[in-house]
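Below: one structure, written as structure tokens.
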Amino acid sequence: MTEIGRAYGGALYALAQEEHLEEPLLRQLDGVVALLGENPGYVRLIDNRGLPRSERVALLDEAFGGRVEPYLLNFMKILCERGAFSHMTHCRDAFVQAYHEAHGIVPATAVCASMPDEQQIARLKEALECKTGKHVELTVQVDASLRGGMRVEMAGRRYDNTIASRLTRLRRAMTDRTTVE
């Protein structure tokens with residue numbers, strides 16, 4: 001995340017919190033960032049300082065006016081005017097991070113060799129919530145190359161219980177034991 005994203009995204013979140021618009025702005029910000037991801041040429045156009053600022057702002061009004069909260073539209077206009085529109089994704093990331101902190105949410109990703117069933121996912125989520133004392137937003141991904149086990153990434157930490165990591169630990173333990181004797 002960039003400093004610009006952190007500063008502007010945090011400011012947008014503070015405004016959203018003050019105006020009680022956290023959820024609507026989060027949904028709309030997600031939608032706008034997804035749309036911009038599908039249309040990178042639009043981002044370059046809005047950031048193009050070769051076009052007059054008034055034209056770039058008019059393009060934002062045309063595309064988003066009446067479709068998003070006025071606060072979000074004005075936020076995008078400010079980014080456009082400052083030549084920082086390309087930082088929208090980072091602003092969204094900062095907004096989400098502030099939202100999660102304010103609401104006691106911890107995002108977690110579980111990577112498994114095959115898709116676990118609903119019960120297994122529920123038990124994992126419950127265990128992670130017990131560990132953190134917070135609500136866990138769990139995303140499950142499948143990576144067949146793992147062969148077995150699971151890796152969980154949460155709160156900047158990685159918990160790796162895959163077959164590959166277990167074999168590595170076993171190999172290390174056996175190597176350490178044989179060198180000592």
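Letters A, B, ... go to the chains of the structure tokens in the order shown; residues in each chain start at 1; ligands are counted from 1 in the same order.
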
Taking only residues of segment 102-129 of chain A that have an atom at most 8 Å from an atom of segment 137-143 of chain A, what is each one's shortest atom pair and its distance in Å to one decimal, using only C-alpha atoms, in chain and number order, as a Markdown table?
| residue | atom | partner | partner_atom | distance |
| --- | --- | --- | --- | --- |
| A:Ile105 | CA | A:Glu137 | CA | 6.8 |
| A:Val106 | CA | A:Glu137 | CA | 6.1 |
| A:Pro107 | CA | A:Glu137 | CA | 4.7 |
| A:Ala108 | CA | A:Leu138 | CA | 4.9 |
| A:Thr109 | CA | A:Thr139 | CA | 4.7 |
| A:Ala110 | CA | A:Val140 | CA | 4.8 |
| A:Val111 | CA | A:Gln141 | CA | 4.8 |
| A:Cys112 | CA | A:Val142 | CA | 5.0 |
| A:Ala113 | CA | A:Asp143 | CA | 5.1 |
| A:Ser114 | CA | A:Val142 | CA | 5.5 |
| A:Met115 | CA | A:Val142 | CA | 6.0 |
| A:Lys125 | CA | A:Leu138 | CA | 6.6 |

Show me, as a compact mmCIF listing (two decimals) with all heavy atoms, in the first residue's frame, the residues that have an atom within 7 Å of segment 47-56 of chain A when counting only C-alpha atoms, minus same-chain residues fewer than 2 positions from it.
# COMPACT_ATOMS: atom_id res chain seq x y z
N VAL A 43 -8.23 4.60 -16.13
CA VAL A 43 -7.39 5.15 -15.07
C VAL A 43 -6.31 6.04 -15.68
O VAL A 43 -6.06 7.15 -15.20
CB VAL A 43 -6.77 4.02 -14.21
CG1 VAL A 43 -5.80 4.59 -13.18
CG2 VAL A 43 -7.85 3.20 -13.53
N ARG A 44 -5.68 5.56 -16.74
CA ARG A 44 -4.65 6.36 -17.41
C ARG A 44 -5.24 7.66 -17.96
O ARG A 44 -4.61 8.71 -17.91
CB ARG A 44 -3.98 5.55 -18.51
CG ARG A 44 -3.02 4.48 -17.99
CD ARG A 44 -2.17 3.86 -19.09
NE ARG A 44 -2.94 3.20 -20.13
CZ ARG A 44 -3.39 1.95 -20.07
NH1 ARG A 44 -3.15 1.23 -19.00
NH2 ARG A 44 -4.09 1.43 -21.05
N LEU A 45 -6.46 7.57 -18.50
CA LEU A 45 -7.13 8.75 -19.04
C LEU A 45 -7.37 9.79 -17.93
O LEU A 45 -7.08 10.98 -18.11
CB LEU A 45 -8.46 8.36 -19.69
CG LEU A 45 -9.30 9.47 -20.28
CD1 LEU A 45 -8.58 10.11 -21.48
CD2 LEU A 45 -10.66 8.95 -20.70
N ALA A 58 -15.08 16.06 -15.50
CA ALA A 58 -16.35 15.85 -16.19
C ALA A 58 -16.53 14.38 -16.57
O ALA A 58 -17.65 13.84 -16.51
CB ALA A 58 -16.43 16.74 -17.44
N LEU A 59 -15.43 13.71 -16.94
CA LEU A 59 -15.51 12.27 -17.25
C LEU A 59 -15.92 11.48 -16.01
O LEU A 59 -16.70 10.53 -16.11
CB LEU A 59 -14.16 11.77 -17.78
CG LEU A 59 -13.77 12.23 -19.18
CD1 LEU A 59 -12.31 11.85 -19.47
CD2 LEU A 59 -14.71 11.60 -20.21
N LEU A 60 -15.40 11.86 -14.85
CA LEU A 60 -15.80 11.18 -13.61
C LEU A 60 -17.27 11.43 -13.31
O LEU A 60 -18.00 10.50 -12.93
CB LEU A 60 -14.92 11.66 -12.44
CG LEU A 60 -13.49 11.15 -12.44
CD1 LEU A 60 -12.66 11.88 -11.38
CD2 LEU A 60 -13.45 9.65 -12.21
N CYS A 80 -8.13 12.77 -8.80
CA CYS A 80 -7.90 13.19 -10.19
C CYS A 80 -7.15 14.52 -10.22
O CYS A 80 -6.15 14.66 -10.92
CB CYS A 80 -9.24 13.32 -10.91
SG CYS A 80 -9.15 14.11 -12.52
N GLU A 81 -7.61 15.48 -9.44
CA GLU A 81 -6.99 16.80 -9.42
C GLU A 81 -5.56 16.76 -8.92
O GLU A 81 -4.73 17.56 -9.34
CB GLU A 81 -7.82 17.75 -8.55
CG GLU A 81 -9.16 18.09 -9.19
CD GLU A 81 -10.09 18.84 -8.25
OE1 GLU A 81 -9.78 18.98 -7.05
OE2 GLU A 81 -11.16 19.27 -8.74
N GLY A 83 -3.55 14.21 -9.37
CA GLY A 83 -2.77 13.29 -10.18
C GLY A 83 -2.51 11.96 -9.49
O GLY A 83 -1.51 11.31 -9.74
N ALA A 84 -3.43 11.57 -8.62
CA ALA A 84 -3.24 10.36 -7.82
C ALA A 84 -4.36 9.34 -8.05
O ALA A 84 -4.54 8.44 -7.24
CB ALA A 84 -3.17 10.73 -6.34
N PHE A 85 -5.08 9.48 -9.14
CA PHE A 85 -6.21 8.57 -9.39
C PHE A 85 -5.76 7.12 -9.50
O PHE A 85 -6.50 6.21 -9.15
CB PHE A 85 -6.98 9.00 -10.64
CG PHE A 85 -8.31 8.35 -10.77
CD1 PHE A 85 -9.38 8.76 -9.98
CD2 PHE A 85 -8.51 7.31 -11.67
CE1 PHE A 85 -10.62 8.14 -10.09
CE2 PHE A 85 -9.75 6.69 -11.79
CZ PHE A 85 -10.81 7.11 -10.98
N SER A 86 -4.54 6.90 -9.95
CA SER A 86 -4.04 5.53 -10.09
C SER A 86 -3.85 4.85 -8.73
O SER A 86 -3.59 3.65 -8.68
CB SER A 86 -2.72 5.52 -10.86
OG SER A 86 -1.75 6.27 -10.16

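Straight-line separation from atom CA of Val152 of chain A to atom CA of Gly133 of chain A: 16.6 Å.
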
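Proximity ranking of A:Asn161, A:Lys77, A:Met150, A:Gly31 relative to Gln120 of chain A places A:Met150 first, based on only C-alpha atoms.
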
I need the residues in chain A that are strand (DSSP E) according to DSSP; give them as a list in words. Ile105, Val106, Pro107, Ala108, Thr109, Ala110, Val111, Cys112, His135, Val136, Glu137, Leu138, Thr139, Val140, Gln141, Val142, Gly149, Met150, Arg151, Val152, Glu153, Met154, Arg157, Arg158, Tyr159, Asp160, Asn161 and Thr162 of chain A

As a PyMOL selection string, please: all residues of segment 16-127 of chain A that backbone DSSP puts in alpha helix (DSSP H). chain A and resi 16-18+22-38+40-47+53-64+70-81+88-103+118-127

If you count only C-alpha atoms, which residues fall within 8 Å of segment 91-97 of chain A, apart from same-chain ones fewer than 3 positions away, as a ChimeraX atom specification? /A:1,4-10,12-13,26,29-30,33,87-88,100-101

Might you pull out every residue within 10 Å of Gly104 of chain A, with only C-alpha atoms counted and same-chain residues fewer than 5 positions away left off, and present them as a tab-separated table (two decimals) with N, CA, C and O atoms, in the first residue's frame?
chain	number	residue	atom	x	y	z
A	98	ALA	N	-8.88	0.04	7.69
A	98	ALA	CA	-9.47	0.84	8.77
A	98	ALA	C	-10.84	0.29	9.18
A	98	ALA	O	-11.17	0.24	10.37
A	99	TYR	N	-11.61	-0.14	8.19
A	99	TYR	CA	-12.93	-0.74	8.47
A	99	TYR	C	-12.77	-1.99	9.32
A	99	TYR	O	-13.47	-2.18	10.31
A	132	THR	N	-8.00	-15.48	17.81
A	132	THR	CA	-7.82	-14.03	17.69
A	132	THR	C	-8.76	-13.24	18.60
A	132	THR	O	-8.48	-12.09	18.91
A	133	GLY	N	-9.88	-13.84	18.97
A	133	GLY	CA	-10.87	-13.10	19.74
A	133	GLY	C	-11.62	-12.09	18.88
A	133	GLY	O	-12.28	-11.19	19.38
A	134	LYS	N	-11.51	-12.23	17.57
A	134	LYS	CA	-12.16	-11.32	16.63
A	134	LYS	C	-12.95	-12.12	15.60
A	134	LYS	O	-12.76	-13.32	15.46
A	135	HIS	N	-13.78	-11.41	14.86
A	135	HIS	CA	-14.50	-12.03	13.75
A	135	HIS	C	-13.51	-12.26	12.61
A	135	HIS	O	-12.75	-11.36	12.25
A	136	VAL	N	-13.52	-13.46	12.05
A	136	VAL	CA	-12.60	-13.79	10.97
A	136	VAL	C	-13.36	-13.86	9.66
A	136	VAL	O	-14.38	-14.53	9.56

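Here atom CA of Ile78 of chain A and atom CA of Val57 of chain A stand 9.0 Å from one another.
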
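The space separating atom CA of Asn39 of chain A from atom CA of His90 of chain A comes to 16.4 Å.
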